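**Student:** My file is input_21.cif. It has mmCIF, C-alpha atoms and all ligand atoms:
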```cif
data_model
#
loop_
_atom_site.label_atom_id
_atom_site.label_comp_id
_atom_site.auth_asym_id
_atom_site.auth_seq_id
_atom_site.Cartn_x
_atom_site.Cartn_y
_atom_site.Cartn_z
CA MET A 1 105.40 122.52 139.84
CA THR A 2 107.78 124.39 137.55
CA GLU A 3 107.70 123.39 133.90
CA GLN A 4 110.86 121.65 132.70
CA LYS A 5 112.65 123.49 129.89
CA LYS A 6 112.63 121.39 126.72
CA ARG A 7 116.02 120.27 125.44
CA THR A 8 116.71 120.89 121.78
CA VAL A 9 118.13 117.95 119.82
CA PHE A 10 119.90 118.52 116.50
CA SER A 11 121.52 116.05 114.15
CA GLY A 12 122.36 115.74 110.48
CA VAL A 13 123.22 113.32 107.70
CA GLN A 14 125.03 113.85 104.42
CA PRO A 15 123.07 112.86 101.31
CA THR A 16 126.05 111.09 99.84
CA GLY A 17 125.07 107.48 99.25
CA ASN A 18 122.74 104.83 100.54
CA ILE A 19 121.87 104.85 104.20
CA HIS A 20 123.32 101.78 105.86
CA LEU A 21 122.88 99.74 109.01
CA GLY A 22 125.68 101.72 110.74
CA ASN A 23 123.88 105.03 110.21
CA TYR A 24 120.67 103.44 111.38
CA LEU A 25 121.90 101.68 114.52
CA GLY A 26 124.47 104.35 115.40
CA ALA A 27 122.28 107.41 114.94
CA PHE A 28 118.85 107.27 113.30
CA ARG A 29 117.24 104.86 115.71
CA ASN A 30 118.02 107.36 118.44
CA TRP A 31 116.67 110.20 116.32
CA VAL A 32 113.35 108.37 116.01
CA ALA A 33 113.17 107.39 119.70
CA LEU A 34 113.85 110.96 120.87
CA GLN A 35 110.64 112.07 119.16
CA ASP A 36 108.66 110.23 121.86
CA ASP A 37 110.18 112.27 124.68
CA PRO A 38 107.90 115.18 125.57
CA ASN A 39 110.85 117.12 126.99
CA ILE A 40 112.76 117.02 123.72
CA GLU A 41 112.41 119.28 120.71
CA PRO A 42 113.96 117.33 117.80
CA ILE A 43 115.51 118.92 114.71
CA TYR A 44 116.88 116.73 111.90
CA CYS A 45 118.64 118.07 108.86
CA ILE A 46 119.94 116.69 105.57
CA VAL A 47 123.27 118.46 105.39
CA ASP A 48 123.63 118.81 101.63
CA LEU A 49 126.20 121.63 101.87
CA HIS A 50 128.47 119.20 103.69
CA GLY A 51 127.86 116.62 100.96
CA MET A 52 129.36 119.04 98.42
CA THR A 53 132.81 118.62 99.99
CA ASN A 54 133.04 115.17 98.36
CA PRO A 55 133.46 114.88 94.58
CA TYR A 56 129.93 114.60 93.11
CA ASP A 57 127.75 114.81 90.04
CA PRO A 58 125.03 117.50 90.39
CA LYS A 59 122.31 115.32 88.80
CA ASP A 60 123.01 112.35 91.06
CA PHE A 61 123.28 114.68 94.03
CA GLU A 62 119.83 116.14 93.37
CA ALA A 63 118.36 112.64 93.40
CA ALA A 64 120.36 111.61 96.48
CA ARG A 65 119.07 114.59 98.50
CA LEU A 66 115.45 113.52 97.99
CA GLU A 67 116.28 109.85 98.41
CA THR A 68 117.90 110.54 101.80
CA ALA A 69 114.78 112.40 102.91
CA LYS A 70 112.59 109.48 101.82
CA VAL A 71 114.65 106.94 103.71
CA LEU A 72 114.62 109.05 106.88
CA LEU A 73 110.84 109.35 106.68
CA ALA A 74 110.59 105.59 106.16
CA ILE A 75 112.81 105.00 109.19
CA GLY A 76 110.34 106.99 111.28
CA ILE A 77 111.23 110.67 111.27
CA ASP A 78 107.85 112.30 111.75
CA PRO A 79 107.65 115.85 110.34
CA ASP A 80 104.76 116.64 112.69
CA ARG A 81 106.96 115.99 115.70
CA SER A 82 110.39 116.96 114.34
CA LEU A 83 111.64 119.94 112.42
CA PHE A 84 112.95 118.25 109.27
CA TYR A 85 114.66 120.17 106.48
CA MET A 86 117.45 120.54 103.93
CA GLN A 87 120.46 122.56 105.13
CA SER A 88 120.97 124.49 101.88
CA GLN A 89 117.47 125.97 102.16
CA VAL A 90 118.43 127.81 105.35
CA PRO A 91 121.25 130.25 104.48
CA HIS A 92 121.77 131.04 108.16
CA HIS A 93 123.86 127.84 108.38
CA PRO A 94 126.73 129.09 106.15
CA GLU A 95 126.38 132.62 107.56
CA LEU A 96 126.95 131.33 111.08
CA ALA A 97 129.81 129.13 109.84
CA TRP A 98 131.53 132.27 108.56
CA ILE A 99 131.09 134.03 111.88
CA LEU A 100 132.34 131.00 113.85
CA GLY A 101 135.27 130.75 111.44
CA THR A 102 136.49 134.07 112.80
CA VAL A 103 136.91 132.54 116.28
CA THR A 104 138.38 129.21 115.05
CA PRO A 105 142.15 128.93 115.47
CA MET A 106 143.89 127.18 112.57
CA GLY A 107 145.54 124.85 115.10
CA VAL A 108 142.14 123.51 116.16
CA LEU A 109 141.20 122.69 112.55
CA ASN A 110 144.60 121.17 111.88
CA ARG A 111 143.94 118.58 114.59
CA MET A 112 140.72 117.30 113.01
CA THR A 113 141.23 113.74 111.81
CA GLN A 114 138.50 113.58 109.15
CA PHE A 115 140.35 115.95 106.80
CA LYS A 116 143.50 113.86 107.04
CA ASP A 117 141.59 110.57 106.60
CA LYS A 118 139.63 111.77 103.59
CA THR A 119 142.51 113.44 101.76
CA GLU A 120 144.67 110.36 102.32
CA ARG A 121 141.90 108.36 100.62
CA GLY A 122 142.08 110.70 97.59
CA VAL A 123 139.30 113.23 98.31
CA PRO A 124 140.59 116.59 96.95
CA ALA A 125 141.85 118.84 99.74
CA ASN A 126 139.57 121.86 99.20
CA LEU A 127 138.79 124.63 101.66
CA GLY A 128 135.23 123.34 102.14
CA LEU A 129 136.54 119.98 103.33
CA PHE A 130 139.05 121.64 105.65
CA SER A 131 136.48 123.95 107.23
CA TYR A 132 133.79 121.21 107.33
CA PRO A 133 133.83 121.01 111.17
CA VAL A 134 133.10 124.75 111.45
CA LEU A 135 129.96 124.38 109.32
CA MET A 136 129.00 121.38 111.44
CA ALA A 137 129.42 123.48 114.60
CA ALA A 138 127.22 126.14 113.00
CA ASP A 139 124.56 123.50 112.24
CA ILE A 140 124.46 122.48 115.88
CA LEU A 141 124.63 125.98 117.37
CA LEU A 142 122.29 127.77 114.92
CA LEU A 143 119.07 126.56 116.58
CA ARG A 144 120.79 126.25 119.99
CA ALA A 145 120.97 122.47 120.31
CA ASP A 146 121.63 120.96 123.74
CA LEU A 147 122.02 117.36 122.58
CA VAL A 148 123.46 115.81 119.40
CA PRO A 149 122.66 112.12 118.71
CA VAL A 150 125.49 110.71 116.56
CA GLY A 151 127.68 107.66 116.04
CA ASP A 152 131.14 107.33 117.55
CA ASP A 153 132.92 108.80 114.49
CA GLN A 154 131.45 112.25 115.14
CA ARG A 155 132.73 112.67 118.70
CA GLN A 156 135.71 114.81 117.71
CA HIS A 157 133.45 117.19 115.77
CA ILE A 158 131.13 117.61 118.74
CA GLU A 159 134.13 118.29 121.01
CA MET A 160 135.20 121.03 118.62
CA THR A 161 131.67 122.45 118.55
CA ARG A 162 131.75 122.70 122.36
CA ASP A 163 135.12 124.44 122.14
CA LEU A 164 133.85 126.97 119.55
CA ALA A 165 130.68 127.68 121.55
CA GLU A 166 132.84 128.48 124.58
CA ARG A 167 135.27 130.62 122.58
CA PHE A 168 132.38 132.55 121.07
CA ASN A 169 130.63 133.03 124.43
CA ASN A 170 133.87 134.22 126.08
CA ARG A 171 134.50 136.75 123.35
CA PHE A 172 130.95 138.03 122.65
CA GLY A 173 128.76 137.04 125.64
CA GLU A 174 126.64 134.01 126.56
CA VAL A 175 124.85 133.21 123.31
CA PHE A 176 125.24 129.47 122.74
CA PRO A 177 124.46 126.51 125.00
CA VAL A 178 127.41 124.09 125.07
CA PRO A 179 125.97 120.90 123.54
CA ASP A 180 126.51 117.27 124.57
CA SER A 181 126.79 114.32 122.24
CA LEU A 182 124.49 111.32 122.62
CA VAL A 183 126.22 108.14 121.46
CA PRO A 184 124.53 104.73 121.87
CA GLU A 185 126.12 102.14 124.18
CA THR A 186 126.13 99.34 121.61
CA SER A 187 126.47 99.84 117.86
CA ALA A 188 128.01 103.33 118.08
CA ARG A 189 130.55 102.03 115.58
CA VAL A 190 129.18 99.33 113.32
CA MET A 191 132.07 97.77 111.42
CA SER A 192 132.47 96.78 107.77
CA LEU A 193 131.38 93.22 106.89
CA THR A 194 134.37 92.71 104.60
CA ASP A 195 136.99 94.32 106.87
CA PRO A 196 135.72 94.36 110.47
CA THR A 197 138.65 96.51 111.61
CA THR A 198 137.26 99.53 109.70
CA LYS A 199 133.85 101.14 110.17
CA MET A 200 130.91 100.46 107.88
CA SER A 201 130.90 103.37 105.48
CA LYS A 202 128.91 104.82 102.58
CA SER A 203 132.14 105.56 100.76
CA ASP A 204 133.48 101.99 100.79
CA PRO A 205 133.59 100.96 97.09
CA ASN A 206 132.62 97.37 98.00
CA PRO A 207 128.81 97.15 98.46
CA LYS A 208 129.26 93.83 100.30
CA SER A 209 130.97 95.76 103.11
CA ARG A 210 127.67 97.23 104.27
CA ILE A 211 123.98 96.50 104.60
CA ASP A 212 121.83 99.25 103.19
CA VAL A 213 118.59 99.78 105.08
CA LEU A 214 116.65 99.17 101.84
CA ASP A 215 118.45 95.90 100.97
CA SER A 216 116.11 92.98 100.22
CA PRO A 217 116.02 90.05 102.69
CA ASP A 218 118.00 88.05 100.14
CA GLU A 219 120.74 90.67 99.88
CA VAL A 220 120.95 90.93 103.67
CA ARG A 221 121.28 87.14 103.98
CA LYS A 222 124.00 86.94 101.33
CA LYS A 223 126.03 89.78 102.81
CA ILE A 224 125.89 88.43 106.36
CA MET A 225 126.59 84.85 105.34
CA SER A 226 129.73 86.03 103.51
CA ALA A 227 130.84 88.44 106.28
CA VAL A 228 134.52 88.07 107.13
CA THR A 229 135.08 86.27 110.46
CA ASP A 230 137.94 84.09 111.76
CA SER A 231 138.86 80.43 111.89
CA GLU A 232 138.30 79.70 115.59
CA PRO A 233 134.80 78.18 115.69
CA THR A 234 133.51 79.68 118.98
CA VAL A 235 131.07 82.59 119.01
CA ARG A 236 132.28 85.02 121.68
CA PHE A 237 132.75 88.76 122.07
CA ASP A 238 136.36 89.87 121.70
CA ARG A 239 136.89 92.98 119.62
CA ALA A 240 140.65 92.53 119.30
CA GLN A 241 140.84 88.80 118.54
CA LYS A 242 137.46 88.32 116.86
CA PRO A 243 136.42 91.62 115.28
CA GLY A 244 134.05 90.04 112.71
CA ILE A 245 132.10 87.90 115.19
CA SER A 246 132.05 90.74 117.75
CA ASN A 247 130.58 93.07 115.13
CA LEU A 248 127.85 90.56 114.28
CA LEU A 249 127.10 90.06 117.98
CA GLU A 250 126.70 93.83 118.40
CA ILE A 251 124.47 94.07 115.36
CA MET A 252 122.28 91.19 116.57
CA SER A 253 122.11 92.63 120.06
CA ALA A 254 121.05 96.03 118.69
CA CYS A 255 118.38 94.44 116.47
CA THR A 256 116.90 92.09 119.08
CA GLY A 257 117.38 94.04 122.32
CA ARG A 258 119.09 90.95 123.82
CA SER A 259 122.42 91.36 125.60
CA ILE A 260 125.66 90.34 123.93
CA ASP A 261 126.43 87.91 126.78
CA ASP A 262 123.10 86.20 126.33
CA LEU A 263 123.58 85.83 122.58
CA ALA A 264 127.18 84.66 122.93
CA MET A 265 126.01 81.98 125.36
CA GLU A 266 123.23 80.76 123.08
CA TYR A 267 125.35 80.59 119.91
CA ALA A 268 128.76 79.77 121.44
CA ASP A 269 129.20 76.27 120.05
CA GLY A 270 126.55 75.99 117.36
CA GLY A 271 128.89 76.96 114.52
CA TYR A 272 129.25 80.22 112.58
CA GLY A 273 126.69 79.22 109.93
CA VAL A 274 123.85 78.90 112.43
CA PHE A 275 124.88 82.11 114.17
CA LYS A 276 125.09 84.10 110.93
CA GLU A 277 121.66 82.88 109.85
CA ALA A 278 120.22 84.11 113.13
CA VAL A 279 121.96 87.50 112.73
CA ALA A 280 120.57 87.80 109.19
CA GLU A 281 117.02 87.05 110.34
CA ALA A 282 117.28 89.63 113.15
CA VAL A 283 118.47 92.30 110.70
CA ILE A 284 115.79 91.40 108.14
CA ALA A 285 113.07 91.71 110.81
CA GLU A 286 114.44 95.07 111.95
CA LEU A 287 114.56 96.51 108.42
CA ALA A 288 111.28 95.07 107.06
CA PRO A 289 109.02 97.96 108.16
CA ILE A 290 111.41 100.52 106.66
CA ARG A 291 111.26 98.89 103.24
CA SER A 292 107.50 98.70 103.22
CA ILE A 293 106.95 102.33 104.32
CA TYR A 294 109.55 103.52 101.79
CA GLN A 295 107.74 101.82 98.92
CA ASN A 296 104.57 103.78 99.67
CA LEU A 297 106.16 107.24 99.87
CA ASP A 298 105.44 109.72 97.13
CA ASP A 299 108.26 112.04 95.92
CA ALA A 300 105.97 115.06 95.63
CA ASP A 301 104.78 114.62 99.24
CA VAL A 302 108.36 114.31 100.43
CA ALA A 303 109.30 117.53 98.58
CA ARG A 304 106.37 119.33 100.22
CA ILE A 305 107.40 118.11 103.68
CA LEU A 306 110.91 119.48 103.10
CA GLN A 307 109.60 122.83 101.87
CA ARG A 308 107.44 123.22 104.94
CA GLY A 309 110.39 122.28 107.16
CA ALA A 310 112.67 124.78 105.44
CA LEU A 311 110.16 127.57 105.95
CA ASP A 312 109.82 126.81 109.66
CA ALA A 313 113.58 126.44 110.07
CA ARG A 314 114.26 129.76 108.33
CA THR A 315 111.81 131.56 110.59
CA LYS A 316 113.34 130.02 113.69
CA ALA A 317 116.90 130.62 112.48
CA GLU A 318 116.25 134.28 111.70
CA GLY A 319 115.24 134.97 115.30
CA TYR A 320 118.27 133.21 116.75
CA GLN A 321 120.72 134.61 114.23
CA GLN A 322 119.77 138.19 115.04
CA GLU A 323 121.10 137.58 118.55
CA VAL A 324 124.43 136.48 117.04
CA ARG A 325 124.58 139.40 114.62
CA ASP A 326 123.89 141.83 117.47
CA ALA A 327 126.57 140.20 119.63
CA VAL A 328 129.28 140.46 116.97
CA GLY A 329 128.46 144.03 115.94
CA LEU A 330 126.39 143.41 112.82
CA HIS A 331 123.29 145.40 113.70
CA ARG A 332 120.46 145.79 111.19
CA GLN A 333 120.91 148.96 109.15
P1 LIG B 401 127.19 110.91 108.19
O1 LIG B 401 126.29 111.39 107.11
O2 LIG B 401 128.48 110.30 107.80
O3 LIG B 401 126.45 109.83 109.09
C1 LIG B 401 125.19 110.04 109.70
C2 LIG B 401 125.19 109.43 111.10
O4 LIG B 401 125.52 108.04 111.06
C3 LIG B 401 126.55 107.74 111.98
N1 LIG B 401 127.38 106.64 111.45
C4 LIG B 401 127.64 105.49 112.10
N2 LIG B 401 127.26 105.04 113.31
C5 LIG B 401 127.68 103.80 113.67
N3 LIG B 401 128.45 103.01 112.89
C6 LIG B 401 128.85 103.41 111.66
N4 LIG B 401 129.59 102.62 110.90
C7 LIG B 401 128.44 104.71 111.22
N5 LIG B 401 128.65 105.43 110.08
C8 LIG B 401 128.00 106.60 110.25
C9 LIG B 401 127.35 109.04 112.09
O5 LIG B 401 128.07 109.09 113.31
C10 LIG B 401 126.26 110.08 112.01
O6 LIG B 401 125.70 110.33 113.28
N6 LIG B 401 129.42 115.07 109.90
C11 LIG B 401 128.16 114.31 109.91
C12 LIG B 401 126.98 115.09 109.40
C13 LIG B 401 126.69 116.38 110.10
C14 LIG B 401 126.16 116.48 111.43
C15 LIG B 401 126.00 117.88 111.64
C16 LIG B 401 125.83 115.55 112.42
C17 LIG B 401 126.82 117.62 109.60
N7 LIG B 401 126.39 118.55 110.52
C18 LIG B 401 125.49 118.35 112.86
C19 LIG B 401 125.33 116.03 113.63
C20 LIG B 401 125.17 117.43 113.84
C21 LIG B 401 128.33 113.10 109.01
O7 LIG B 401 129.10 113.12 108.07
O8 LIG B 401 127.44 112.09 109.25
#
```
Let me see the file written as structure tokens.
Ligand code: TYM

**Tutor:**
Amino acid sequence: MTEQKKRTVFSGVQPTGNIHLGNYLGAFRNWVALQDDPNIEPIYCIVDLHGMTNPYDPKDFEAARLETAKVLLAIGIDPDRSLFYMQSQVPHHPELAWILGTVTPMGVLNRMTQFKDKTERGVPANLGLFSYPVLMAADILLLRADLVPVGDDQRQHIEMTRDLAERFNNRFGEVFPVPDSLVPETSARVMSLTDPTTKMSKSDPNPKSRIDVLDSPDEVRKKIMSAVTDSEPTVRFDRAQKPGISNLLEIMSACTGRSIDDLAMEYADGGYGVFKEAVAEAVIAELAPIRSIYQNLDDADVARILQRGALDARTKAEGYQQEVRDAVGLHRQ
């Protein structure tokens, strides 16, 4: 029997605010599950260089980088099974971004919606923010990922990564695999609790709009009980007419493993109050283990885990990057 080649998984998160239920259900649950697959080699990265494209305070940022690592460990990222590190500690990421930038047409970057969305919301239009998707492509291609588990909002970036991998390979030879995205069927786009027509987001100034994975049971209950819904009393799934209820049905389905149809049938006529209480309890049960593991994590241990990860990632990256340098005419001398 021939041995199956392992598939490399890569994904990242910006350390720019508390990790919320959208991040968790859209991406991190998949990250954790992929660790159990013997044919997968998982790599997870805190993309702090990306985080610098938003306005930030260096002191808060320092704390947020470590905090993000702690929460990911509490969620179940296992550094013995996954390569887990901080992007800024592996300078091959920005080096590869520069090289990929030389095969990125301006027109391709101009079509990226995140830059437009963020600058319209008041984020300063700096070069880092504009070229963000090129650094993201470098993240994915650096260690030759085949599969990228993300939420729905990252699809356009993965499409661009595929495009850049192909452009590079056509120009310099077959160096990069062309990666696929892995987006969950339900909860790929968890919506805001206060405006269910927009996605749940770390940057929403209203904390009631999202559930943070470390929220207490009381906070979760309050936020879900006050989630914006509609005035028709029936619980049913209809994204267009009933975005709030549909979002809660998706969240409950993701937390319980029960189908949306099944839940809609059970709660159809019981009233929104009863339904919301059930959603809150399902979310509380799902998040309980994360809170308890988080409370027992030690900062110094977390820092050591990241240092070990960075060392391993640098070693791995150096080998792969030499292939790129050779291909583009940057031989060692
Ligand atoms: P970030 O930090 O915004 O989010 C981390 C992950 O959470 C997912 N996500 C959601 N999923 C469902 N519903 C939501 N409301 C929701 N909000 C966020 C995101 O899709 C993401 O998977 N550009 C990336 C970071 C990045 C990256 C990479 C990802 C940089 N380099 C390389 C993958 C591979 C981002 O800002 O994710």

**Student:** In Å, how far is it from atom CA of His50 of chain A to atom N6 of ligand LIG 401 (chain B)?

**Tutor:** 7.5 Å

**Student:** Which is closer to ligand LIG 401 (chain B) than all the others in A:Arg144, A:Arg111, A:Arg81, A:Arg121, using only C-alpha atoms and all ligand atoms?

**Tutor:** A:Arg144

**Student:** Looking at only C-alpha atoms and all ligand atoms, which of A:Leu330, A:Val150, A:Val134, A:Val71 is the one that sits closest to ligand LIG 401 (chain B)?

**Tutor:**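 Residue with the minimum atom-to-atom distance to ligand LIG 401 (chain B): A:Val150.
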
**Student:** Where's the centre, and what are the edge lengths in Å to one decimal, of a box along x, y and z enclosing all listed atoms of ligand LIG 401 (chain B) padded 8 Å per side, as lines of an AutoDock Vina configuration file?

**Tutor:**
```
center_x = 127.4
center_y = 110.6
center_z = 110.5
size_x = 20.4
size_y = 31.9
size_z = 22.7
```

**Student:** Skip segment 52-69 of chain A itself and residues of its chain fewer than 3 positions away, then list as a PyMOL selection string all residues within 7 Å of it, counting only C-alpha atoms.

**Tutor:** chain A and resi 15-17+48-49+72-73+123+128-129

**Student:** For the selection just defined, write its residues with C-alpha atoms to a file, as a short mmCIF file (atom, residue, chain, number, x, y, z; two decimals), in the coordinates of the input.

**Tutor:**
```cif
data_model
loop_
_atom_site.label_atom_id
_atom_site.label_comp_id
_atom_site.auth_asym_id
_atom_site.auth_seq_id
_atom_site.Cartn_x
_atom_site.Cartn_y
_atom_site.Cartn_z
CA PRO A 15 123.07 112.86 101.31
CA THR A 16 126.05 111.09 99.84
CA GLY A 17 125.07 107.48 99.25
CA ASP A 48 123.63 118.81 101.63
CA LEU A 49 126.20 121.63 101.87
CA LEU A 72 114.62 109.05 106.88
CA LEU A 73 110.84 109.35 106.68
CA VAL A 123 139.30 113.23 98.31
CA GLY A 128 135.23 123.34 102.14
CA LEU A 129 136.54 119.98 103.33
#
```

**Student:** Could you jot down the atom CA of Phe130 of chain A to atom CA of Lys199 of chain A separation for me, Å, one decimal place?

**Tutor:** 21.6 Å

**Student:** Determine the nearest neighbour of Gly12 of chain A from the options A:Arg162, A:Lys70, A:Met112, A:Val148, counting all atoms listed in the file.

**Tutor:**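 Closest to Gly12 of chain A of all the choices is A:Val148.
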
**Student:** Quick one: contact table of chain A to ligand LIG 401 (chain B), 7 Å max, nearest atom pair and distance in Å to one decimal per residue, counting all atoms listed in the file, chain and number order, as CSV?

**Tutor:**
```
residue,atom,partner,partner_atom,distance
A:Phe10,CA,B:LIG401,C20,6.0
A:Ser11,CA,B:LIG401,C19,3.8
A:Gly12,CA,B:LIG401,C16,4.0
A:Val13,CA,B:LIG401,O1,3.7
A:Gln14,CA,B:LIG401,O1,3.9
A:Pro15,CA,B:LIG401,O1,6.8
A:Gly22,CA,B:LIG401,C6,3.7
A:Asn23,CA,B:LIG401,O4,3.5
A:Tyr24,CA,B:LIG401,O4,6.7
A:Leu25,CA,B:LIG401,C5,6.2
A:Gly26,CA,B:LIG401,N2,3.6
A:Ala27,CA,B:LIG401,O6,4.8
A:Val47,CA,B:LIG401,C17,5.6
A:His50,CA,B:LIG401,C17,6.3
A:Leu135,CA,B:LIG401,N7,6.9
A:Met136,CA,B:LIG401,N7,4.0
A:Ala137,CA,B:LIG401,C18,6.7
A:Asp139,CA,B:LIG401,C18,5.3
A:Ile140,CA,B:LIG401,C18,5.2
A:Val148,CA,B:LIG401,C20,6.0
A:Pro149,CA,B:LIG401,O6,6.5
A:Val150,CA,B:LIG401,O6,3.3
A:Gly151,CA,B:LIG401,O5,3.1
A:Asp152,CA,B:LIG401,O5,5.5
A:Asp153,CA,B:LIG401,O5,5.0
A:Gln154,CA,B:LIG401,O5,5.0
A:Ser187,CA,B:LIG401,C5,5.9
A:Ala188,CA,B:LIG401,C5,4.4
A:Arg189,CA,B:LIG401,N3,3.6
A:Val190,CA,B:LIG401,N3,3.8
A:Met191,CA,B:LIG401,N4,5.5
A:Lys199,CA,B:LIG401,N4,4.6
A:Met200,CA,B:LIG401,N4,3.9
A:Ser201,CA,B:LIG401,N5,5.5
```

**Student:** Nearest to Leu182 of chain A: which of A:Lys118, A:Arg29, A:Lys5, A:Lys316 is it, counting all atoms listed in the file?

**Tutor:**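 Closest to Leu182 of chain A, using all atoms listed in the file: A:Arg29.
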
**Student:** Report as a tab-separated table the residues of segment 256-315 of chain A within 8 Å of segment 88-100 of chain A, each with its shortest atom pair and distance in Å (one decimal), using only C-alpha atoms, ordered by chain and increasing residue number.

**Tutor:**
```
residue	atom	partner	partner_atom	distance
A:Ala310	CA	A:Gln89	CA	5.9
A:Ala313	CA	A:Val90	CA	6.9
A:Arg314	CA	A:Val90	CA	5.5
```

**Student:** In terms of the shortest atom-to-atom distance over all atoms listed in the file, which of A:Ala264, A:Ala227, A:Ala138, A:Leu143 is closest to Glu41 of chain A?

**Tutor:**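 So, comparing all the options, the nearest one is A:Leu143.
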
**Student:** Return the single residue from A:Lys208, A:Tyr44, A:Ala280, A:Asp146 that is closest to Pro179 of chain A, with distances computed using only C-alpha atoms.

**Tutor:** A:Asp146

**Student:** Do you know which residues are at most 9 Å from Ile224 of chain A counting only C-alpha atoms, after dropping those on the same chain fewer than 4 positions away, and could you put them as a CSV table (one decimal) with C-alpha atoms, keeping the file's coordinate frame?

**Tutor:**
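Output (out.csv):
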```csv
chain,number,residue,atom,x,y,z
A,193,LEU,CA,131.4,93.2,106.9
A,208,LYS,CA,129.3,93.8,100.3
A,211,ILE,CA,124.0,96.5,104.6
A,219,GLU,CA,120.7,90.7,99.9
A,220,VAL,CA,121.0,90.9,103.7
A,228,VAL,CA,134.5,88.1,107.1
A,248,LEU,CA,127.8,90.6,114.3
A,276,LYS,CA,125.1,84.1,110.9
A,277,GLU,CA,121.7,82.9,109.8
A,279,VAL,CA,122.0,87.5,112.7
A,280,ALA,CA,120.6,87.8,109.2
```

**Student:** Please, what distance in Å, to one decimal, runs between atom CA of Ala145 of chain A and atom CA of Leu21 of chain A?

**Tutor:**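 Interatomic distance, atom CA of Ala145 of chain A to atom CA of Leu21 of chain A: 25.5 Å.
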
**Student:** Excluding Gln295 of chain A and any residue of its chain fewer than 2 positions from it, enumerate the residues within 12 Å of it, using all atoms listed in the file, and give them as a PyMOL selection string.

**Tutor:** chain A and resi 67+70-71+73-75+214+288-293+297-299

**Student:** Write out as a list in words each polymer residue whose atoms come within 6 Å of Ile43 of chain A, counting only C-alpha atoms; drop sequence neighbours fewer than 2 positions from it.

**Tutor:**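 Skipping anything fewer than 2 positions along the chain leaves Val9, Phe10, Ser82 and Leu83 of chain A.
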
**Student:** Convert the current residue selection to file output with C-alpha atoms, as an mmCIF file, in the coordinates of the input.

**Tutor:**
```cif
data_model
loop_
_atom_site.group_PDB
_atom_site.id
_atom_site.type_symbol
_atom_site.label_atom_id
_atom_site.label_comp_id
_atom_site.auth_asym_id
_atom_site.auth_seq_id
_atom_site.Cartn_x
_atom_site.Cartn_y
_atom_site.Cartn_z
ATOM 1 C CA VAL A 9 118.130 117.950 119.820
ATOM 2 C CA PHE A 10 119.900 118.520 116.500
ATOM 3 C CA SER A 82 110.390 116.960 114.340
ATOM 4 C CA LEU A 83 111.640 119.940 112.420
#
```

**Student:** Skip Gly257 of chain A itself and residues of its chain fewer than 4 positions away, then list as a VMD selection string all residues within 12 Å of it, counting all atoms listed in the file.

**Tutor:** chain A and resid 25 186 to 187 249 to 253 261 to 263 282 to 283 286
